[in-house]
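> Take a look at this one; I'll ask things after.
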Amino acid sequence: MTKTLNLTLKVWRQNGPDSMGRLETYNAGDISTDMSFLEMIDVINEQLTIEGKEPIAFDHDCREGICGMCGTVVNGRPHGPEKGTTLCQLHMRHFSDGDTIVIEPWRSRAFKIIKDLVVDRGALDKIIQAGGYVSVNTGGAPDANAIPISQDTAEKAMDAAACIGCGACVAACPNASAMLFTSAKISQLALLPQGRPEAATRAIAMVRAMDELGFGNCTNERECEAECPKEISIVNIARMNREFFKAAFFSEVK
Amino acid sequence: MRLDAKIPAGPVAEKWDLHRFGLKLVNPANKRKYEIIVVGTGLAGGSASASLAELGYNVKTFCIQDSPRRAHSIAAQGGINASKNYQNDGDSDWRLFYDTVKGGDFRAREANVYRLAQLSGNIIDQCVAQGVPFAREYGGQLANRSFGGAQVSRTFYARGQTGQQLLLGAYSALSRQIAAGKVKMYPRREMLDVVVIDGQAGGIVARNLVTGEIEKYSADAVVLATGGYANVFFLSTNAMASNVTATYRAYKRGAFFANPCFTQIHPTCIPVHGTYQSKLTLMSESLRNDGRVWVPKKPGDKRSPSQIPESERDYYLENKYPSFGNLVPRDVASRNAKEQCDLGKGVGETGLAVYLDFADAINRDGRDVITKKYGNLFQMYEKITAENPYETPMMIYPAVHYTMGGLWVDYNLMSTIDGLFVLGEANFSDHGANRLGASALMQGLADGYFIIPYTIGGYLAANTKKQVSTDHPAFKESADRIESGVKRLLSIKGKRTADDFHRQLGNIMWEYCGMSRNDEDLIKARKLIRDLRGEFWENVLVPGSDKDFNQSLEKAGRVADFLEFGELMVIDALARRESCGGHFNEGYQTEENEARRDDENFCHVSAWEYKGEGKDPELNKEQLAFENVKLTQRSYK
Ligand SMILES: Cc1cc2nc3c(=O)[nH]c(=O)nc-3n(C[C@H](O)[C@H](O)[C@H](O)COP(=O)(O)OP(=O)(O)OC[C@H]3O[C@@H](n4cnc5c(N)ncnc54)[C@H](O)[C@@H]3O)c2cc1C
Ligand code: FES
């Protein structure tokens, strides 16, 4: 049944990358339990606007858990308390009347704050640009059924490919590592025959880019896996490490 | 102006080959002297950017989101069609062509649709080569399913995330070209104008959404792949940033807008739950394969579904359409749901929902079978509604989903502005008055990977190369105009937010220009929209500044365009004195309450020409000829 909640929000407000940020407190009254978390912020923003204040900046687009645009740290947890759920799919029924909710942006050296809860995740794109592709031009591809791929392999590749690139893994990691993100792409392509020819160069280039962009190292904390809204497995990190070491030891590319 | 669609001569199956041969080529060494702007990184824009860069052109690509990987295409669930005939069940280019023309209720161009069918197979080959993890059979071959009532299995899919995987494929190809320096990527930019110099597109002006800067970019040709305008309804299944701004501003610069009233309503979405609702979620159409749609027989019956006995339930689709039952096409299913709710038989807290019941299917096939087929959908439903569809019927209601209308383009995908090309959902070309499931992804990728790389070359080679530069006064004129528009929005300081206006506009469009329309309502809507637009420019409240990251300002600009565009939709709906596909005017229906086309007078594309502020747009017609598919009336009884 629909109920309403009265909540206290503590929201990170920051004008720009170089300004000082601070937590501001807002009362969120009459919040329907059927609302999504982002709809709750919409309601607060409408109020702030009417009161002549600046609304809270936050990223979002699809609002159905697939574009990876949304994401903030809610009470210390990326995308909030529900397992396998993006912030846009988190509903207010998971909170209780009287709760205080602290809302902060992703924090990482590689993600600069643009404003309030909005960060620059361009570094993730740069990792993909370093090698997260198969080098085929448009045209001239062989018939799609020319190379059979076992169902099991296709499923595993799909498990890895399900990453939405939101950056929660980085925000969750005490070292702000982007290992889960990077390994998901390396795994997907390493599993498929189409990705094999470049597996070695890809692994080396992407891992190198990740380091250069200021992401931290993996020390097996497993927070990334626990907080990933798509439940991407750290098996991918193991697979990436295998690819990386194989490449580093046996391949010509260094 | 006489519209020339430039449809090549010859039999429909040979047109594309002949045309490609006839197109002039740009010498490989010269390609790097050309600059091309691509706006949008969905399936259409992403694939176009990558393919053009691979050919050697210098590409500048723009998108609103922080990364090209997040375009609205990412949300497509069901799949992508291709006439591979891997299942040996009788599919062919001809059949896909035929189905698409008929499904579009004979308001699409035959030549374009045939080309689409022809290219569909290449798309799958290309995507597999990129590493798109499509679903596979045990033997390792690609799996297919039948989708949206098609009689053959031609839909390729990657779980319920086909759009995501196809987009990530295009994004990876794009990323490779960014790394190679052939594409310069501009994320968090919103294109606000096309710059036209001596009748040719010479660039764009965009707002940097982080700094607020108004930026100018020149090019030898401009490609718009900016998606559909379903958000004119406020509530739709589209992503929040989907807008009409890019295409509408091009319209104001001389690109004709075709068939704006052709919008698609999807029958199976999760119903609206409150006034704060920001968007609607689609539930895959496949659910209708096993779910039975019903409402209580008695209007106003507020009992819980389990307390309504069989004899007091109305399985209205099964009763009315005995041969198709719950599987009637999208538009028919949607209209009937609305009709039941208008009769007071709607269910749920708002009365704006009907049941989709799986009890019989679970009894017949067992819960395991149903879980295997729909498990993830049931889970998604439960996440949003907190109700368990295994135990209580789902509630569904139609929602706006896709827009068939868009900028008018010729066979080369060029608009009525020379050098301005339009791809994907942003153009009007292939789906007529109604789009079939799994064919938007196909069209976006056909346009981007396989059509524009040829036709843009033909345009560039046929024109003498000009020296375009942002120093041209046309850029300044445009930038100044944008700048003052932005200032004006901020200076009004009224009492209502842009969202508030948008919601009200959405209500008007949904009530009067939605699933079913009539002249009286449309005339009323036109006045309501004008009044609302008047109020907007006096009473909108846009906080913050223009030299900053300001989402309220972005939103206000888009709503301002929707407030003008909504009127164009109504004008188009009024002018089309027939019913066809997604456009249902109650004045034109068969005795079976089906859309009644008027092929004698309306077998044309309506292309609207902007005539200036405060003036009515002018209607231009492109006559459609059906030489390969016979014009017939649909019937689903
Ligand atoms: C929920 C849902 C499910 C769907 N499922 C299917 C399906 O299963 N099969 C199918 O075939 N179709 C499906 N569709 C339809 C299909 O997804 C879309 O029609 C298609 O993806 C549109 O692609 P596009 O490239 O034309 O545009 P989009 O993907 O909408 O991309 C638009 C791009 O333009 C950019 N842009 C827009 N305006 C501006 C501007 N002013 N300045 C700069 N950039 C701008 C955006 O940032 C974005 O990058 C579905 C649609 C929805 C809503
Ligand atoms: S808004 Fe797209 S994942 Fe949340």
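Ordering of the structure tokens sets the chain letters (A, B, ...); residue numbers start at 1 within each chain; ligands are numbered from 1 in the order shown.
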Fewer than 5 positions away in the same chain doesn't count, so skip those; otherwise give me all residues within 6 Å of segment 33-43 of chain B, counting only C-alpha atoms, as a count of residues only.

21

> Within 9 Å of ligand 2, counting only C-alpha atoms and all ligand atoms, which protein or nucleic acid residues do you find, written as a count of residues only?

25

> Interatomic distance between atom CA of Pro305 of chain B and atom CA of Leu377 of chain B?

20.7 Å

> With only C-alpha atoms as the counted atoms, please give the residues lying no more than 12 Å from Glu54 of chain A, apart from itself and same-chain residues fewer than 5 positions off, as a list in words.

Arg13, Gln14, Asn15, Ile44, Asn45, Glu46, Gln47, Leu48, Thr49, Lys115 and Asp116 of chain A; Leu541, Val542, Pro543, Gly544, Ser545, Asp548, Phe549, Asn550, Gln551, Ser552 and Leu553 of chain B

> Taking only C-alpha atoms into account, name the residue in B:Leu23, B:Ile74, B:Ala250, B:Ile265 that is nearest to chain A.

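The answer is B:Ile74, which sits nearest to chain A.
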
> Give as a PDB file with N, CA, C and O atoms, in the first residue's frame every residue of chain A that touches chain B within 6 Å, counting only C-alpha atoms.


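After the write, iface.pdb holds the following:
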ATOM      1  N   GLU A  54      18.479  27.388  -5.925  1.00  0.00           N
ATOM      2  CA  GLU A  54      18.939  26.544  -7.035  1.00  0.00           C
ATOM      3  C   GLU A  54      18.682  25.075  -6.738  1.00  0.00           C
ATOM      4  O   GLU A  54      19.030  24.578  -5.668  1.00  0.00           O
ATOM      5  N   ASP A  61      19.031   9.739 -16.874  1.00  0.00           N
ATOM      6  CA  ASP A  61      18.426   9.830 -18.209  1.00  0.00           C
ATOM      7  C   ASP A  61      17.348   8.763 -18.428  1.00  0.00           C
ATOM      8  O   ASP A  61      16.179   9.086 -18.510  1.00  0.00           O
ATOM      9  N   CYS A  62      17.738   7.487 -18.483  1.00  0.00           N
ATOM     10  CA  CYS A  62      16.744   6.475 -18.861  1.00  0.00           C
ATOM     11  C   CYS A  62      15.728   6.214 -17.755  1.00  0.00           C
ATOM     12  O   CYS A  62      14.595   5.870 -18.005  1.00  0.00           O
ATOM     13  N   CYS A  67      21.037   2.999 -18.623  1.00  0.00           N
ATOM     14  CA  CYS A  67      21.952   3.927 -19.310  1.00  0.00           C
ATOM     15  C   CYS A  67      23.207   4.209 -18.495  1.00  0.00           C
ATOM     16  O   CYS A  67      24.222   4.630 -19.039  1.00  0.00           O
ATOM     17  N   GLN A 129      38.451   3.693 -25.059  1.00  0.00           N
ATOM     18  CA  GLN A 129      39.170   4.151 -26.258  1.00  0.00           C
ATOM     19  C   GLN A 129      40.553   3.509 -26.375  1.00  0.00           C
ATOM     20  O   GLN A 129      41.106   3.384 -27.466  1.00  0.00           O
ATOM     21  N   TYR A 133      37.482  -2.561 -27.989  1.00  0.00           N
ATOM     22  CA  TYR A 133      36.748  -2.772 -29.240  1.00  0.00           C
ATOM     23  C   TYR A 133      37.423  -3.879 -30.028  1.00  0.00           C
ATOM     24  O   TYR A 133      38.538  -4.295 -29.727  1.00  0.00           O
ATOM     25  N   VAL A 134      36.715  -4.331 -31.065  1.00  0.00           N
ATOM     26  CA  VAL A 134      37.322  -5.220 -32.050  1.00  0.00           C
ATOM     27  C   VAL A 134      37.614  -4.333 -33.250  1.00  0.00           C
ATOM     28  O   VAL A 134      36.744  -3.585 -33.690  1.00  0.00           O
ATOM     29  N   THR A 138      33.308  -0.968 -40.806  1.00  0.00           N
ATOM     30  CA  THR A 138      31.989  -1.295 -41.324  1.00  0.00           C
ATOM     31  C   THR A 138      32.128  -1.908 -42.715  1.00  0.00           C
ATOM     32  O   THR A 138      32.900  -1.415 -43.536  1.00  0.00           O
ATOM     33  N   ALA A 141      31.978  -7.790 -43.175  1.00  0.00           N
ATOM     34  CA  ALA A 141      31.980  -8.779 -42.104  1.00  0.00           C
ATOM     35  C   ALA A 141      31.457 -10.109 -42.661  1.00  0.00           C
ATOM     36  O   ALA A 141      30.577 -10.116 -43.513  1.00  0.00           O
ATOM     37  N   ASP A 143      29.432 -13.744 -42.747  1.00  0.00           N
ATOM     38  CA  ASP A 143      28.083 -14.064 -42.301  1.00  0.00           C
ATOM     39  C   ASP A 143      28.074 -14.314 -40.793  1.00  0.00           C
ATOM     40  O   ASP A 143      28.965 -14.973 -40.250  1.00  0.00           O
ATOM     41  N   ALA A 144      27.050 -13.806 -40.143  1.00  0.00           N
ATOM     42  CA  ALA A 144      26.996 -13.830 -38.683  1.00  0.00           C
ATOM     43  C   ALA A 144      27.050 -15.240 -38.112  1.00  0.00           C
ATOM     44  O   ALA A 144      27.499 -15.442 -36.983  1.00  0.00           O
ATOM     45  N   ASN A 145      26.604 -16.236 -38.890  1.00  0.00           N
ATOM     46  CA  ASN A 145      26.625 -17.602 -38.389  1.00  0.00           C
ATOM     47  C   ASN A 145      27.879 -18.366 -38.815  1.00  0.00           C
ATOM     48  O   ASN A 145      27.982 -19.569 -38.577  1.00  0.00           O
ATOM     49  N   PRO A 148      30.441 -20.479 -35.175  1.00  0.00           N
ATOM     50  CA  PRO A 148      29.538 -20.821 -34.070  1.00  0.00           C
ATOM     51  C   PRO A 148      30.164 -20.431 -32.726  1.00  0.00           C
ATOM     52  O   PRO A 148      31.388 -20.492 -32.571  1.00  0.00           O
ATOM     53  N   ILE A 149      29.341 -20.013 -31.809  1.00  0.00           N
ATOM     54  CA  ILE A 149      29.824 -19.671 -30.461  1.00  0.00           C
ATOM     55  C   ILE A 149      28.937 -20.427 -29.483  1.00  0.00           C
ATOM     56  O   ILE A 149      27.706 -20.326 -29.568  1.00  0.00           O
ATOM     57  N   SER A 150      29.528 -21.176 -28.591  1.00  0.00           N
ATOM     58  CA  SER A 150      28.697 -22.004 -27.719  1.00  0.00           C
ATOM     59  C   SER A 150      27.800 -21.128 -26.858  1.00  0.00           C
ATOM     60  O   SER A 150      28.138 -19.986 -26.532  1.00  0.00           O
ATOM     61  N   GLN A 151      26.658 -21.683 -26.527  1.00  0.00           N
ATOM     62  CA  GLN A 151      25.689 -20.924 -25.745  1.00  0.00           C
ATOM     63  C   GLN A 151      26.323 -20.443 -24.440  1.00  0.00           C
ATOM     64  O   GLN A 151      26.137 -19.313 -24.016  1.00  0.00           O
ATOM     65  N   ALA A 154      28.581 -17.489 -25.070  1.00  0.00           N
ATOM     66  CA  ALA A 154      27.793 -16.291 -25.362  1.00  0.00           C
ATOM     67  C   ALA A 154      27.174 -15.742 -24.074  1.00  0.00           C
ATOM     68  O   ALA A 154      27.140 -14.527 -23.853  1.00  0.00           O
ATOM     69  N   MET A 158      27.906 -12.188 -22.350  1.00  0.00           N
ATOM     70  CA  MET A 158      26.784 -11.278 -22.071  1.00  0.00           C
ATOM     71  C   MET A 158      26.796 -10.849 -20.600  1.00  0.00           C
ATOM     72  O   MET A 158      26.529  -9.683 -20.286  1.00  0.00           O
ATOM     73  N   GLN A 194      35.707 -13.388 -31.937  1.00  0.00           N
ATOM     74  CA  GLN A 194      35.968 -12.156 -32.682  1.00  0.00           C
ATOM     75  C   GLN A 194      36.969 -11.259 -31.950  1.00  0.00           C
ATOM     76  O   GLN A 194      37.658 -10.454 -32.562  1.00  0.00           O
TER      77      GLN A 194
END
